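A.B. asks: My structure file target_2.cif, mmCIF, C-alpha atoms, is below:
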data_input
loop_
_atom_site.label_atom_id
_atom_site.label_comp_id
_atom_site.auth_asym_id
_atom_site.auth_seq_id
_atom_site.Cartn_x
_atom_site.Cartn_y
_atom_site.Cartn_z
CA MET A 1 0.00 0.00 0.00
CA ARG A 2 2.80 2.35 0.95
CA LYS A 3 4.65 1.73 -2.31
CA SER A 4 1.51 2.22 -4.39
CA ARG A 5 0.89 5.55 -2.62
CA ALA A 6 4.38 6.75 -3.50
CA MET A 7 3.82 5.63 -7.08
CA SER A 8 0.56 7.52 -7.31
CA LEU A 9 2.26 10.60 -5.91
CA GLY A 10 5.04 10.26 -8.49
CA THR A 11 2.53 9.84 -11.31
CA GLY A 12 0.51 12.81 -10.12
CA LEU A 13 3.61 14.98 -9.90
CA PHE A 14 4.67 13.92 -13.39
CA VAL A 15 1.27 14.70 -14.92
CA VAL A 16 1.05 18.08 -13.15
CA LEU A 17 4.57 18.98 -14.27
CA GLY A 18 3.75 17.91 -17.83
CA PHE A 19 0.65 20.07 -18.02
CA ALA A 20 2.49 22.96 -16.37
CA ALA A 21 5.11 22.67 -19.13
CA LEU A 22 2.41 22.67 -21.83
CA PHE A 23 0.83 25.71 -20.21
CA PHE A 24 4.19 27.45 -20.07
CA LEU A 25 4.85 26.73 -23.76
CA THR A 26 1.45 27.95 -24.93
CA THR A 27 1.25 31.07 -22.79
CA GLN A 28 4.80 32.22 -22.12
CA THR A 29 6.57 31.56 -25.39
CA THR A 30 3.88 32.79 -27.80
CA SER A 31 2.33 36.16 -28.46
CA ARG A 32 -1.17 34.85 -27.82
CA GLY A 33 -0.26 34.11 -24.26
CA ILE A 34 -1.91 35.40 -21.18
CA SER A 35 -0.06 38.36 -19.79
CA PHE A 36 -0.23 38.24 -16.03
CA ARG A 37 0.58 41.88 -15.55
CA SER A 38 -2.01 43.52 -17.72
CA GLU A 39 -1.87 47.28 -17.38
CA PRO A 40 -4.62 49.81 -18.17
CA GLN A 41 -4.60 50.76 -21.82
CA TYR A 42 -6.29 53.09 -24.28
CA GLN A 43 -6.91 52.74 -27.99
CA VAL A 44 -6.03 55.05 -30.85
CA THR A 45 -6.39 54.48 -34.57
CA ALA A 46 -4.42 55.67 -37.57
CA LYS A 47 -5.04 55.31 -41.30
CA PHE A 48 -2.16 54.40 -43.58
CA ASP A 49 -1.92 54.22 -47.38
CA ASN A 50 0.17 51.09 -47.13
CA ILE A 51 1.18 49.15 -44.04
CA GLY A 52 3.58 46.70 -45.71
CA ASP A 53 3.72 43.51 -43.66
CA LEU A 54 2.81 45.08 -40.32
CA LYS A 55 1.26 42.43 -38.11
CA VAL A 56 -1.09 42.37 -35.15
CA GLY A 57 1.02 42.37 -32.00
CA ALA A 58 3.79 44.50 -33.50
CA PRO A 59 5.22 47.08 -31.09
CA VAL A 60 4.30 50.76 -31.11
CA SER A 61 7.25 52.80 -29.99
CA MET A 62 8.18 56.38 -29.21
CA ALA A 63 11.82 57.35 -29.17
CA GLY A 64 12.63 53.64 -29.32
CA VAL A 65 10.63 52.78 -26.19
CA GLU A 66 7.70 50.44 -26.52
CA VAL A 67 4.53 52.30 -25.50
CA GLY A 68 1.95 49.89 -26.86
CA ARG A 69 1.09 47.25 -29.42
CA VAL A 70 -0.89 46.96 -32.63
CA ALA A 71 -4.24 45.47 -31.63
CA LYS A 72 -6.14 45.24 -34.89
CA ILE A 73 -5.61 45.86 -38.58
CA GLY A 74 -8.63 46.63 -40.75
CA PHE A 75 -9.41 48.02 -44.16
CA ASP A 76 -11.49 51.13 -44.84
CA SER A 77 -13.27 50.45 -48.11
CA ARG A 78 -14.35 54.07 -48.57
CA ASP A 79 -10.95 55.68 -48.87
CA TYR A 80 -9.00 52.44 -49.50
CA LYS A 81 -6.74 52.79 -46.52
CA ALA A 82 -5.52 50.43 -43.84
CA VAL A 83 -6.92 51.19 -40.38
CA VAL A 84 -4.46 50.26 -37.65
CA THR A 85 -5.83 50.13 -34.11
CA MET A 86 -3.15 50.52 -31.48
CA ARG A 87 -3.45 49.85 -27.78
CA LEU A 88 -1.23 52.20 -25.83
CA ASN A 89 -0.22 51.85 -22.22
CA ALA A 90 -2.28 54.24 -20.08
CA LYS A 91 0.77 55.54 -18.26
CA TYR A 92 1.88 57.22 -21.50
CA ASN A 93 -1.15 59.51 -21.65
CA GLN A 94 0.59 62.71 -22.73
CA ILE A 95 1.02 62.08 -26.46
CA PRO A 96 0.09 65.24 -28.43
CA THR A 97 -2.88 64.97 -30.80
CA ASP A 98 -0.84 66.14 -33.78
CA SER A 99 1.73 63.36 -33.39
CA ASP A 100 2.95 61.56 -36.46
CA ALA A 101 2.66 57.76 -36.91
CA SER A 102 5.08 56.07 -39.30
CA ILE A 103 5.80 52.46 -40.12
CA TYR A 104 9.42 51.45 -39.79
CA THR A 105 11.38 48.24 -40.23
CA GLN A 106 13.32 46.63 -37.38
CA GLY A 107 16.88 46.14 -38.57
CA LEU A 108 17.56 45.47 -42.22
CA LEU A 109 15.09 42.65 -42.78
CA GLY A 110 13.20 42.60 -39.49
CA GLY A 111 9.48 42.95 -38.89
CA LYS A 112 7.56 46.23 -39.14
CA PHE A 113 6.62 48.42 -36.20
CA VAL A 114 4.81 51.70 -35.70
CA GLY A 115 6.88 54.66 -34.55
CA LEU A 116 5.21 57.73 -33.05
CA THR A 117 6.88 61.13 -33.31
CA PRO A 118 5.43 63.70 -30.93
CA GLY A 119 3.87 66.90 -32.30
CA GLY A 120 3.58 70.25 -30.57
CA ALA A 121 -0.09 70.41 -29.61
CA GLU A 122 -1.18 71.12 -26.06
CA THR A 123 -4.01 68.57 -26.22
CA TYR A 124 -3.29 64.89 -25.73
CA LEU A 125 -4.59 61.72 -27.40
CA LYS A 126 -7.53 60.11 -25.62
CA ASN A 127 -9.25 56.74 -25.98
CA ASN A 128 -10.59 56.13 -29.53
CA ASP A 129 -8.85 59.18 -30.99
CA GLN A 130 -7.37 59.11 -34.46
CA ILE A 131 -3.84 60.05 -35.47
CA ASP A 132 -4.15 62.12 -38.66
CA PHE A 133 -0.53 62.42 -39.74
CA THR A 134 0.74 59.11 -41.01
CA GLN A 135 3.53 57.88 -43.17
CA SER A 136 3.29 54.56 -45.01
CA ALA A 137 5.58 51.64 -44.85
CA PHE A 138 8.68 51.82 -46.91
CA VAL A 139 8.22 49.12 -49.55
CA LEU A 140 11.51 47.83 -50.88
CA GLU A 141 10.03 46.75 -54.25
CA ASN A 142 8.73 50.27 -54.97
CA LEU A 143 12.09 51.75 -54.16
CA ILE A 144 13.90 49.30 -56.42
CA GLY A 145 11.28 50.00 -59.12
CA GLN A 146 11.90 53.74 -58.86
CA PHE A 147 15.62 53.22 -58.92
CA LEU A 148 15.41 51.03 -62.04
CA ALA A 149 13.08 53.52 -63.77
CA ASN A 150 15.52 56.36 -63.07
CA PHE A 151 18.43 54.23 -64.13
CA SER A 152 16.89 53.25 -67.48
CA LYS A 153 15.78 56.86 -68.09
CA ASN A 154 19.33 58.07 -67.49
CA ALA A 155 20.72 55.34 -69.69
CA GLY A 156 18.24 56.27 -72.44
CA GLN A 157 19.19 59.94 -72.19
CA SER A 158 22.90 59.26 -72.48
CA LYS A 159 22.24 57.01 -75.51
CA SER A 160 20.16 59.63 -77.29
CA ALA A 161 22.66 62.29 -76.27
CA ALA A 162 25.57 60.42 -77.88
CA PRO A 163 24.36 60.55 -81.53
CA ALA A 164 23.38 64.16 -81.07
CA ALA A 165 26.94 64.89 -80.05
CA GLU A 166 28.24 63.07 -83.10
CA LYS A 167 26.12 65.23 -85.45
CA GLN A 168 27.60 68.39 -84.17
CA MET B 1 21.13 -12.75 -55.08
CA PHE B 2 17.77 -11.53 -56.33
CA ALA B 3 16.04 -14.33 -54.52
CA GLU B 4 17.63 -13.22 -51.23
CA LEU B 5 16.68 -9.64 -51.86
CA TRP B 6 13.13 -10.71 -52.64
CA ILE B 7 12.96 -12.76 -49.47
CA SER B 8 14.25 -9.94 -47.25
CA LEU B 9 11.83 -7.52 -48.93
CA THR B 10 8.83 -9.76 -48.33
CA GLU B 11 10.05 -10.39 -44.78
CA SER B 12 10.07 -6.63 -44.05
CA LEU B 13 6.62 -6.28 -45.55
CA VAL B 14 5.34 -9.15 -43.42
CA ARG B 15 6.83 -7.51 -40.32
CA LEU B 16 5.25 -4.16 -41.16
CA GLY B 17 1.89 -5.83 -41.73
CA ASP B 18 2.28 -7.70 -38.45
CA ILE B 19 2.97 -4.47 -36.56
CA VAL B 20 -0.07 -2.75 -38.09
CA ARG B 21 -2.30 -5.74 -37.29
CA PHE B 22 -0.96 -5.74 -33.74
CA LEU B 23 -1.76 -2.01 -33.51
CA LEU B 24 -5.34 -2.67 -34.61
CA ARG B 25 -5.62 -5.50 -32.09
CA VAL B 26 -4.31 -3.26 -29.30
CA LEU B 27 -6.62 -0.39 -30.28
CA GLY B 28 -9.58 -2.79 -30.37
CA GLN B 29 -8.86 -3.78 -26.76
CA VAL B 30 -8.46 -0.19 -25.51
CA PRO B 31 -12.13 0.36 -24.56
CA ARG B 32 -12.19 -2.86 -22.52
CA ALA B 33 -8.92 -2.02 -20.78
CA LEU B 34 -10.02 1.48 -19.76
CA PRO B 35 -12.16 0.42 -16.75
CA ARG B 36 -9.03 -0.94 -15.04
CA PHE B 37 -7.67 2.55 -14.73
CA GLN B 38 -5.11 1.81 -12.02
CA LEU B 39 -3.14 -0.41 -14.41
CA ILE B 40 -2.77 2.50 -16.83
CA VAL B 41 -1.77 4.89 -14.04
CA ASP B 42 0.96 2.44 -12.96
CA GLN B 43 2.30 2.40 -16.52
CA VAL B 44 2.24 6.19 -16.77
CA TYR B 45 4.41 6.07 -13.66
CA ASN B 46 6.78 3.54 -15.26
CA ALA B 47 7.05 5.30 -18.60
CA GLY B 48 6.73 8.90 -17.43
CA SER B 49 7.80 9.55 -13.87
CA LEU B 50 10.77 7.21 -14.09
CA SER B 51 11.98 8.89 -17.31
CA LEU B 52 11.64 12.34 -15.79
CA VAL B 53 15.20 12.70 -14.51
CA ILE B 54 16.90 11.69 -17.76
CA ILE B 55 14.50 13.86 -19.79
CA MET B 56 15.08 16.91 -17.61
CA LEU B 57 18.87 16.52 -17.55
CA SER B 58 19.04 15.97 -21.32
CA GLY B 59 16.70 18.90 -21.92
CA LEU B 60 18.88 21.17 -19.82
CA PHE B 61 22.05 20.22 -21.68
CA VAL B 62 20.46 20.32 -25.13
CA GLY B 63 19.11 23.78 -24.33
CA MET B 64 22.48 24.95 -23.05
CA VAL B 65 24.27 23.70 -26.18
CA LEU B 66 21.63 25.36 -28.32
CA GLY B 67 22.16 28.60 -26.42
CA LEU B 68 25.91 28.44 -26.90
CA GLN B 69 25.89 27.44 -30.59
CA GLY B 70 23.02 29.77 -31.40
CA PHE B 71 24.79 32.67 -29.72
CA GLU B 72 28.03 31.92 -31.57
CA LEU B 73 26.22 31.81 -34.93
CA LEU B 74 23.87 34.76 -34.42
CA GLN B 75 26.64 36.94 -33.06
CA ARG B 76 28.29 36.87 -36.50
CA PHE B 77 25.22 38.62 -37.90
CA GLY B 78 24.90 40.92 -34.92
CA SER B 79 21.48 39.57 -34.07
CA GLU B 80 22.07 37.64 -30.86
CA GLU B 81 18.70 38.91 -29.57
CA ALA B 82 17.09 36.33 -31.85
CA LEU B 83 18.58 33.61 -29.63
CA GLY B 84 15.31 33.15 -27.74
CA THR B 85 13.40 32.63 -30.97
CA ALA B 86 15.98 30.23 -32.37
CA ALA B 87 16.11 28.16 -29.19
CA ALA B 88 12.34 28.06 -28.68
CA ILE B 89 11.49 27.16 -32.28
CA GLY B 90 14.23 24.56 -32.44
CA LEU B 91 13.21 22.95 -29.17
CA VAL B 92 9.43 23.07 -29.52
CA LYS B 93 9.24 21.91 -33.13
CA GLU B 94 12.15 19.52 -33.54
CA LEU B 95 14.48 18.71 -30.68
CA GLY B 96 11.80 18.39 -28.00
CA PRO B 97 9.71 15.69 -29.69
CA VAL B 98 12.58 13.87 -31.45
CA VAL B 99 15.16 13.72 -28.67
CA THR B 100 12.44 12.85 -26.15
CA ALA B 101 11.28 10.02 -28.41
CA LEU B 102 14.82 8.68 -28.78
CA LEU B 103 15.41 8.87 -25.02
CA PHE B 104 12.01 7.34 -24.41
CA ALA B 105 12.85 4.42 -26.71
CA GLY B 106 16.08 3.93 -24.79
CA ARG B 107 14.69 4.34 -21.30
CA ALA B 108 11.06 3.17 -21.36
CA GLY B 109 10.92 1.23 -24.65
CA THR B 110 13.67 -1.18 -23.68
CA ALA B 111 12.11 -1.70 -20.24
CA LEU B 112 8.75 -2.51 -21.85
CA ALA B 113 10.24 -4.85 -24.44
CA SER B 114 12.39 -6.80 -22.00
CA GLU B 115 9.57 -7.02 -19.45
CA LEU B 116 7.12 -8.40 -21.99
CA GLY B 117 9.82 -10.60 -23.55
CA LEU B 118 10.63 -12.11 -20.16
CA MET B 119 6.93 -12.69 -19.53
CA ARG B 120 6.82 -14.52 -22.86
CA ALA B 121 10.00 -16.50 -22.08
CA THR B 122 8.72 -17.56 -18.66
CA ASP B 123 5.31 -18.53 -20.09
CA GLN B 124 3.44 -15.92 -18.03
CA LEU B 125 1.57 -14.77 -21.13
CA SER B 126 0.57 -18.34 -21.98
CA ALA B 127 -0.56 -18.84 -18.38
CA MET B 128 -2.87 -15.85 -18.70
CA GLU B 129 -4.34 -17.29 -21.88
CA MET B 130 -4.91 -20.56 -20.00
CA MET B 131 -6.89 -18.61 -17.40
CA ALA B 132 -8.96 -17.01 -20.18
CA VAL B 133 -7.37 -13.62 -19.49
CA ASP B 134 -6.44 -11.85 -22.71
CA PRO B 135 -2.78 -10.86 -22.20
CA VAL B 136 -3.16 -8.08 -24.75
CA ARG B 137 -5.92 -6.47 -22.72
CA ARG B 138 -4.38 -7.13 -19.30
CA VAL B 139 -0.67 -6.50 -20.02
CA VAL B 140 -0.08 -4.90 -23.40
CA VAL B 141 -2.79 -2.22 -23.62
CA PRO B 142 -2.01 -0.52 -20.27
CA ARG B 143 1.68 -0.35 -21.19
CA PHE B 144 0.89 1.02 -24.63
CA LEU B 145 -1.49 3.67 -23.24
CA GLY B 146 0.95 4.62 -20.49
CA GLY B 147 3.59 5.38 -23.11
CA VAL B 148 1.13 7.27 -25.33
CA ILE B 149 0.03 9.47 -22.41
CA ALA B 150 3.53 10.04 -21.07
CA MET B 151 5.26 11.05 -24.30
CA PRO B 152 3.64 14.47 -25.05
CA LEU B 153 4.06 15.49 -21.41
CA LEU B 154 7.71 14.43 -21.43
CA ALA B 155 8.32 16.35 -24.66
CA ALA B 156 6.71 19.49 -23.20
CA ILE B 157 8.87 19.21 -20.07
CA PHE B 158 11.95 18.71 -22.26
CA SER B 159 11.19 21.84 -24.29
CA MET B 160 10.48 23.96 -21.22
CA ILE B 161 13.69 22.93 -19.45
CA GLY B 162 15.57 23.37 -22.73
CA ILE B 163 14.35 26.95 -23.12
CA TYR B 164 15.51 27.71 -19.59
CA GLY B 165 18.84 26.05 -20.42
CA ALA B 166 19.26 28.31 -23.45
CA GLN B 167 18.26 31.28 -21.30
CA LEU B 168 20.83 30.25 -18.69
CA VAL B 169 23.68 30.25 -21.20
CA GLY B 170 22.45 33.10 -23.40
CA VAL B 171 21.33 35.58 -20.77
CA GLN B 172 23.33 34.69 -17.65
CA ILE B 173 26.66 33.76 -19.25
CA MET B 174 26.70 35.46 -22.66
CA HIS B 175 24.76 38.54 -21.53
CA VAL B 176 22.14 38.63 -24.24
CA ASP B 177 19.49 41.12 -23.15
CA SER B 178 16.90 39.23 -21.13
CA GLY B 179 14.01 41.41 -22.30
CA SER B 180 14.70 40.92 -25.99
CA PHE B 181 15.36 37.21 -25.47
CA TRP B 182 11.82 36.69 -24.19
CA SER B 183 9.99 39.35 -26.21
CA GLN B 184 11.45 38.25 -29.56
CA MET B 185 10.52 34.69 -28.66
CA ARG B 186 6.97 35.72 -27.85
CA ALA B 187 6.71 37.77 -31.03
CA SER B 188 7.76 35.01 -33.37
CA VAL B 189 6.69 31.70 -31.80
CA ASP B 190 3.17 30.92 -32.89
CA LEU B 191 0.59 28.61 -31.36
CA LYS B 192 0.92 26.66 -34.61
CA ASP B 193 4.53 25.80 -33.77
CA ILE B 194 3.49 24.44 -30.38
CA ASN B 195 0.72 22.40 -31.99
CA GLU B 196 3.23 20.92 -34.40
CA GLY B 197 5.39 19.84 -31.48
CA ILE B 198 2.44 18.31 -29.64
CA VAL B 199 1.20 16.41 -32.70
CA LYS B 200 4.70 15.12 -33.37
CA SER B 201 5.20 13.92 -29.82
CA CYS B 202 1.79 12.18 -29.82
CA VAL B 203 2.67 10.35 -33.05
CA PHE B 204 6.10 9.40 -31.66
CA GLY B 205 4.45 8.23 -28.44
CA VAL B 206 2.22 5.83 -30.37
CA THR B 207 5.15 4.70 -32.53
CA CYS B 208 7.67 4.04 -29.76
CA SER B 209 5.18 2.37 -27.43
CA LEU B 210 3.80 0.22 -30.23
CA ILE B 211 7.23 -0.97 -31.39
CA ALA B 212 8.27 -1.74 -27.80
CA VAL B 213 5.18 -3.79 -26.94
CA TYR B 214 5.20 -5.51 -30.33
CA GLU B 215 8.82 -6.57 -30.05
CA GLY B 216 8.40 -7.69 -26.44
CA TYR B 217 5.18 -9.56 -27.05
CA HIS B 218 6.58 -11.40 -30.06
CA ALA B 219 10.05 -12.03 -28.64
CA THR B 220 11.60 -15.45 -29.13
CA PRO B 221 11.17 -17.06 -25.69
CA THR B 222 14.88 -17.42 -24.93
CA ALA B 223 17.40 -15.23 -23.13
CA GLU B 224 18.91 -14.45 -26.52
CA GLY B 225 15.52 -13.67 -28.01
CA VAL B 226 14.67 -11.17 -25.28
CA GLY B 227 18.01 -9.41 -25.81
CA ALA B 228 17.46 -9.28 -29.56
CA ALA B 229 13.93 -7.91 -29.07
CA THR B 230 15.26 -5.14 -26.83
CA THR B 231 17.92 -4.19 -29.37
CA ARG B 232 15.41 -4.21 -32.24
CA THR B 233 13.10 -1.96 -30.21
CA VAL B 234 15.70 0.80 -29.95
CA VAL B 235 16.96 0.50 -33.52
CA THR B 236 13.53 0.35 -35.15
CA SER B 237 12.13 3.13 -32.95
CA ALA B 238 15.02 5.45 -33.77
CA VAL B 239 14.79 4.92 -37.51
CA VAL B 240 10.99 5.13 -37.66
CA VAL B 241 10.89 8.25 -35.45
CA LEU B 242 13.40 10.10 -37.62
CA PHE B 243 11.60 9.05 -40.80
CA LEU B 244 8.19 10.10 -39.44
CA ASP B 245 9.73 13.36 -38.25
CA TYR B 246 10.65 14.23 -41.81
CA LEU B 247 7.16 13.33 -43.06
CA LEU B 248 5.42 15.34 -40.32
CA THR B 249 7.67 18.35 -40.85
CA ALA B 250 6.95 18.30 -44.59
CA PHE B 251 3.25 17.95 -43.80
CA PHE B 252 3.21 20.95 -41.46
CA LEU B 253 5.23 23.31 -43.67
#
Give the structure from this file in structure tokens form.

C.D. replies:
Amino acid sequence: MRKSRAMSLGTGLFVVLGFAALFFLTTQTTSRGISFRSEPQYQVTAKFDNIGDLKVGAPVSMAGVEVGRVAKIGFDSRDYKAVVTMRLNAKYNQIPTDSDASIYTQGLLGGKFVGLTPGGAETYLKNNDQIDFTQSAFVLENLIGQFLANFSKNAGQSKSAAPAAEKQ
Amino acid sequence: MFAELWISLTESLVRLGDIVRFLLRVLGQVPRALPRFQLIVDQVYNAGSLSLVIIMLSGLFVGMVLGLQGFELLQRFGSEEALGTAAAIGLVKELGPVVTALLFAGRAGTALASELGLMRATDQLSAMEMMAVDPVRRVVVPRFLGGVIAMPLLAAIFSMIGIYGAQLVGVQIMHVDSGSFWSQMRASVDLKDINEGIVKSCVFGVTCSLIAVYEGYHATPTAEGVGAATTRTVVTSAVVVLFLDYLLTAFFL
């Protein structure tokens, strides 16, 4: 009886530890986890022409410090813009209403995040306010496209310029 | 030459068919074995609790090596903050299930196979049949289920300890920033990755337990036969687990 009790205890401990490990993996290593220290937050939205590959859960930072996270990404079908809902930490409640929201890239090839640059207004953003000044994500393909277009235009000009020079 | 090849090919096919038929037989007996719950709990203890120490120690060292190698590699690209992500993804998706399955085959699989093989060699299984007790229901099914239940839990424990091992080396010794270690991990590990690990470890649990009970149950009833069955358990389990791992990874990508 004594041995079987110790065995049951061992089995119970093993099962509890196993489920604790599963719980740890699902909540503590993923973004969908439960945060145990949830702080009061408020929501603001911003409309962007293009958000690139910004994802829900991406950080929102000011001066490099994380002040909140992207909570939702929607699409406004009237003016064809992306609507990004951000949840900001309530302790950062003095962000001017004319602040500027831009989408930046972390590192060279990292994920996208939203950077806020403070404006000069005396009024501060409140819950459900909208940030009006936005700057879209920097899309590498567009930049390369522009560069190539310029390059071929320049090349074309120099080609057409060469025969003209010969004539003279 | 061709005749030998043909014979060995048909032999392997017969063995595979035998294993699948044995699996069906075991699964058919599962509902009738469930009421005797204590037998299954005892086997969870044998397969799980007794493997706990080796799993935790191995997890710690695998995590520490991963932390060291990952740091060394990522440092060259100046992105050692990604160490948490690299360690967590590597452990949860691959190393956790696979290394746990290999250790399980070595620790619990051999114990199962030699136990059943010795029961066969000492005619205990035949004695049960004489008493109209189905040895598959009474002996094999609880051992099989114990292994199937224990494996995903062991793999989860392995991954958790491994992540702390990587954190120990990366953050405490190599001074990677602790905040970015955890936050980058949280940002890039998805619930999908964890599911992949759990599905893999469940499949490996069925595989390793099945091979162990099959080899033990069908062991040649001699001292030599039991030894051979134990060896075959480890070898077959290792090969099949690594093969299935490739298939499952391809399936999940």

A.B. asks: Give as a compact mmCIF listing (two decimals) with C-alpha atoms, in the frame of the given file the residues that the PyMOL selection byres ((chain A) within 9 of (chain B)) matches when applied to the coordinates above.

C.D. replies:
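Saved to out36.txt:
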# COMPACT_ATOMS: atom_id res chain seq x y z
CA SER A 4 1.51 2.22 -4.39
CA MET A 7 3.82 5.63 -7.08
CA SER A 8 0.56 7.52 -7.31
CA GLY A 10 5.04 10.26 -8.49
CA THR A 11 2.53 9.84 -11.31
CA GLY A 12 0.51 12.81 -10.12
CA LEU A 13 3.61 14.98 -9.90
CA PHE A 14 4.67 13.92 -13.39
CA VAL A 15 1.27 14.70 -14.92
CA LEU A 17 4.57 18.98 -14.27
CA GLY A 18 3.75 17.91 -17.83
CA PHE A 19 0.65 20.07 -18.02
CA ALA A 20 2.49 22.96 -16.37
CA ALA A 21 5.11 22.67 -19.13
CA LEU A 22 2.41 22.67 -21.83
CA PHE A 24 4.19 27.45 -20.07
CA LEU A 25 4.85 26.73 -23.76
CA THR A 26 1.45 27.95 -24.93
CA THR A 27 1.25 31.07 -22.79
CA GLN A 28 4.80 32.22 -22.12
CA THR A 29 6.57 31.56 -25.39
CA THR A 30 3.88 32.79 -27.80
CA SER A 31 2.33 36.16 -28.46
CA ARG A 32 -1.17 34.85 -27.82
CA GLY A 33 -0.26 34.11 -24.26
CA GLY A 57 1.02 42.37 -32.00
CA ALA A 58 3.79 44.50 -33.50

A.B. asks: If the PyMOL selection byres ((chain B and resi 231) around 12) is run on the structure shown, which residues does it catch, given as number ranges by chain?

C.D. replies: B: 105-106, 109-114, 117, 211-212, 215-216, 219, 224-230, 232-238

A.B. asks: Can you work out the spacing between atom CA of Val141 of chain B and atom CA of Val213 of chain B in Å, to one decimal?

C.D. replies: 8.8 Å

A.B. asks: In the coordinates of the file, take the point (10.9, 44.1, -34.8) and a cut-off of 10 Å; then, counting all atoms listed in the file, name each qualifying protein, DNA or RNA residue as a ChimeraX atom specification.

C.D. replies: /A:54,58-59,104-107,109-114 /B:183-184,187-188

A.B. asks: Measuring atom to atom with only C-alpha atoms, identify which of A:Ala71, A:Ala155, A:Val65, A:Ile103 is nearest to Asn50 of chain A.

C.D. replies: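 Smallest distance to Asn50 of chain A is found for A:Ile103.
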
A.B. asks: Some atoms are absent from segment 82-95 of chain A, so rebuild N, CA and C atoms and return them as a CSV table (one decimal), keeping the file's coordinate frame.

C.D. replies:
chain,number,residue,atom,x,y,z
A,82,ALA,N,-5.6,51.4,-44.9
A,82,ALA,CA,-5.5,50.4,-43.8
A,82,ALA,C,-5.8,51.2,-42.5
A,83,VAL,N,-6.6,50.6,-41.7
A,83,VAL,CA,-6.9,51.2,-40.4
A,83,VAL,C,-6.2,50.4,-39.3
A,84,VAL,N,-5.2,51.0,-38.7
A,84,VAL,CA,-4.5,50.3,-37.6
A,84,VAL,C,-4.9,50.7,-36.3
A,85,THR,N,-5.4,49.8,-35.5
A,85,THR,CA,-5.8,50.1,-34.1
A,85,THR,C,-4.7,49.8,-33.2
A,86,MET,N,-4.3,50.8,-32.4
A,86,MET,CA,-3.2,50.5,-31.5
A,86,MET,C,-3.6,50.6,-30.0
A,87,ARG,N,-3.1,49.8,-29.2
A,87,ARG,CA,-3.4,49.8,-27.8
A,87,ARG,C,-2.2,50.4,-27.0
A,88,LEU,N,-2.4,51.6,-26.5
A,88,LEU,CA,-1.2,52.2,-25.8
A,88,LEU,C,-1.4,52.1,-24.3
A,89,ASN,N,-0.2,52.0,-23.7
A,89,ASN,CA,-0.2,51.8,-22.2
A,89,ASN,C,-0.7,53.2,-21.6
A,90,ALA,N,-1.6,53.0,-20.6
A,90,ALA,CA,-2.3,54.2,-20.1
A,90,ALA,C,-1.3,55.2,-19.3
A,91,LYS,N,-0.1,54.6,-19.0
A,91,LYS,CA,0.8,55.5,-18.3
A,91,LYS,C,1.5,56.5,-19.2
A,92,TYR,N,1.4,56.2,-20.5
A,92,TYR,CA,1.9,57.2,-21.5
A,92,TYR,C,0.7,58.0,-22.1
A,93,ASN,N,0.1,58.9,-21.2
A,93,ASN,CA,-1.2,59.5,-21.6
A,93,ASN,C,-0.9,61.0,-22.1
A,94,GLN,N,0.3,61.3,-22.3
A,94,GLN,CA,0.6,62.7,-22.7
A,94,GLN,C,1.2,62.8,-24.1
A,95,ILE,N,0.5,62.1,-25.1
A,95,ILE,CA,1.0,62.1,-26.5
A,95,ILE,C,0.2,63.1,-27.2
